[in-house]
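Each remark here refers to the structure printed beneath this line.
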Amino acid sequence: MGVLFRGAHAPRVSNPAPPPDSSSSEFPPLLGFLPISRRTFASASLPAAALALRAAESRPLRAAVIGHTGRGDYGHGLGMIFAGRPGIEVVALADPVESGRLRAARECGTPRSYADWRELLERERPDLVSIAPRHCDQHAEIALGCLKSGAHCYIEKPFVRTCQEADAVLAEAERQRRRVAVAHTMRMSPAVRRLREQVAAGGIGELREMHAFGKQDARAGGEDLMVLGTHLMDLMRLFAGDPLWVCARITTAGRDITPADRRRVKDEVGWVAGDTVRAQIAFGNGVQGSFTSDGALRETTGHWGIEFRGSRGMARLKCDLAPSALLRTTPSWTTAGNSEQWAPLEGVGAMAPEDHNRAPVGDWLEAIAAGREPECSGRNGAWAIEMVSGVYASALGGVRVDFPLKHRSGPLGD
């Protein structure tokens, strides 16, 4: 597994701090909050009470950010997810690139910064960590280190590279009784939440099909499947439940891929292959899903997202940092052609793109306080990786593949 830096070549911490007094603050089970009285607990909801009391009666939650400006930015705003949140003190940041580290520390308002994230964990003992790099080849290693140190983790997507890595991170979170969230932020956007309500209430009749289209830009094919397809897999599962099986074809230059076609890409997300992907995914209750990434279809399919087809109507989810949703209002065909029209979904609150992390991070913090799984949980993130792995396994084997996958290592190799 890749690492950020090793040994004597690693730049040293720029302004270290002594570790917190371990006699005054160990890691209490699960919450990391000090005990509260039953009377106080009963006076407010658990998340609000726990977070407020930590700020009022005890030390604030200690938060840290781990990034890597040498390999891009800090994901989609993951360096700033703790800004303006009461009861949380951002104490440190780690980045192996000195210039990027100092700049990021100023932007994030962190008093201390480290070249080595391991040293940060050892000295600072944070309660919360934002794992910000969009390159996911190091996510598992960093997450395991954070969890073992006692921190809850919020992780940029893609979660990890393989089912095997996901299993390891979730098992460690279970052992340490810590909460992992993955930045599949669209599942908590106003458009997705309202559309889910509409579909569940029968707004398009009985849901029968979901057709997902990747961004289909220069990354069309296997890279699109991993980088953006994980969002789409997560959303299809949100609407239809766990997948049952997948049957897929992945091609490169018009021929079916083999393991020899695997390659690395700029955003290090593990092995990818193919310039086109077509997958059929079965869900319960007879719902059928699909995923397509083919650069030749970019103009035809339009904006990346998912089309939902029901027995009495259709909906279209246009994916982005601030997604939008449309409903088809006139489904009929006539001798003159198709007269369908699409209208924006009503009742959707506005959301600025820069606010895409606000609701998921708030839910993660409440989940920590309440002892529940967050909406954008590590388990949901793991399912997205499993669905992508299933697409590759089916395409390479030329067979239908059932979920959950029996083979947990990467289909293209580790």
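By convention in this document, the chains of the structure tokens carry letters A, B, ... by their order, each chain's residues are numbered from 1, and ligands are numbered from 1 in the order they are shown.
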
Excluding same-chain residues fewer than 6 positions from A:Phe283, what lies within 12 Å of it counting only C-alpha atoms, as a compact mmCIF listing (two decimals) with C-alpha atoms, in the first residue's frame?
```txt
# COMPACT_ATOMS: atom_id res chain seq x y z
CA LEU A 207 -39.82 2.31 -9.86
CA ARG A 208 -38.68 -0.13 -12.55
CA GLU A 209 -35.41 1.10 -14.05
CA MET A 210 -32.44 3.33 -13.22
CA MET A 233 -23.54 3.40 -7.55
CA MET A 236 -28.74 3.79 -7.16
CA ARG A 237 -28.38 1.73 -4.01
CA LEU A 238 -29.95 4.59 -2.00
CA PHE A 239 -33.08 4.41 -4.16
CA ALA A 240 -33.32 0.64 -4.72
CA GLY A 241 -31.47 -1.12 -1.89
CA ASP A 242 -28.58 -3.57 -2.05
CA PRO A 243 -27.73 -4.94 -5.51
CA LEU A 244 -28.25 -8.63 -6.29
CA TRP A 245 -25.96 -9.20 -9.28
CA VAL A 246 -24.14 -7.47 -12.13
CA GLY A 289 -30.16 -0.58 -13.06
CA SER A 290 -27.47 0.23 -15.57
CA MET A 387 -20.33 -2.54 -7.02
CA ASP A 402 -23.52 -12.10 -7.52
CA PHE A 403 -23.32 -9.74 -4.55
```

Contact residues around stretch 353-365 of chain A with only C-alpha atoms at 10 Å, ignoring same-chain residues under 5 positions, as a PyMOL selection string: chain A and resi 31+47-48+51+76-78+80-83+85+128+130+152-154+179-190+320-323+370-377

Within 8 Å of A:Ala248 using only C-alpha atoms, minus same-chain residues under 4 positions, as JSON, numbers by chain: {"A": [277, 278, 279, 280, 391, 392, 394, 395, 398, 400]}

Go ahead and save the residues from that selection, with C-alpha atoms, as a compact mmCIF listing (two decimals), in the first residue's frame.
```txt
# COMPACT_ATOMS: atom_id res chain seq x y z
CA VAL A 277 -18.19 0.51 -19.65
CA ARG A 278 -21.68 -0.95 -19.89
CA ALA A 279 -23.13 -2.71 -16.88
CA GLN A 280 -26.54 -4.15 -15.96
CA VAL A 391 -18.46 -4.61 -12.76
CA TYR A 392 -14.80 -5.43 -13.39
CA SER A 394 -18.08 -9.62 -14.49
CA ALA A 395 -16.38 -8.04 -17.49
CA GLY A 398 -17.56 -12.86 -18.98
CA ARG A 400 -22.85 -12.68 -14.18
```

All strand (DSSP E or B) residues (DSSP, backbone) inside stretch 192-316 of chain A, as a PyMOL selection string: chain A and resi 203+205+207-213+243-252+255-256+263+272+276-283+288-294+305-310+314-316

Alpha helix (DSSP H) per DSSP on the backbone: members of stretch 145-389 of chain A, as a PyMOL selection string: chain A and resi 145-149+163-176+190-200+222-227+229-240+298-301+358-370+378-389

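Comparing the minimum interatomic distances between A:Ala140 and each of A:Arg161, A:Arg309, A:Arg118, A:Arg177, counting only C-alpha atoms, we find that A:Arg161 sits nearest.
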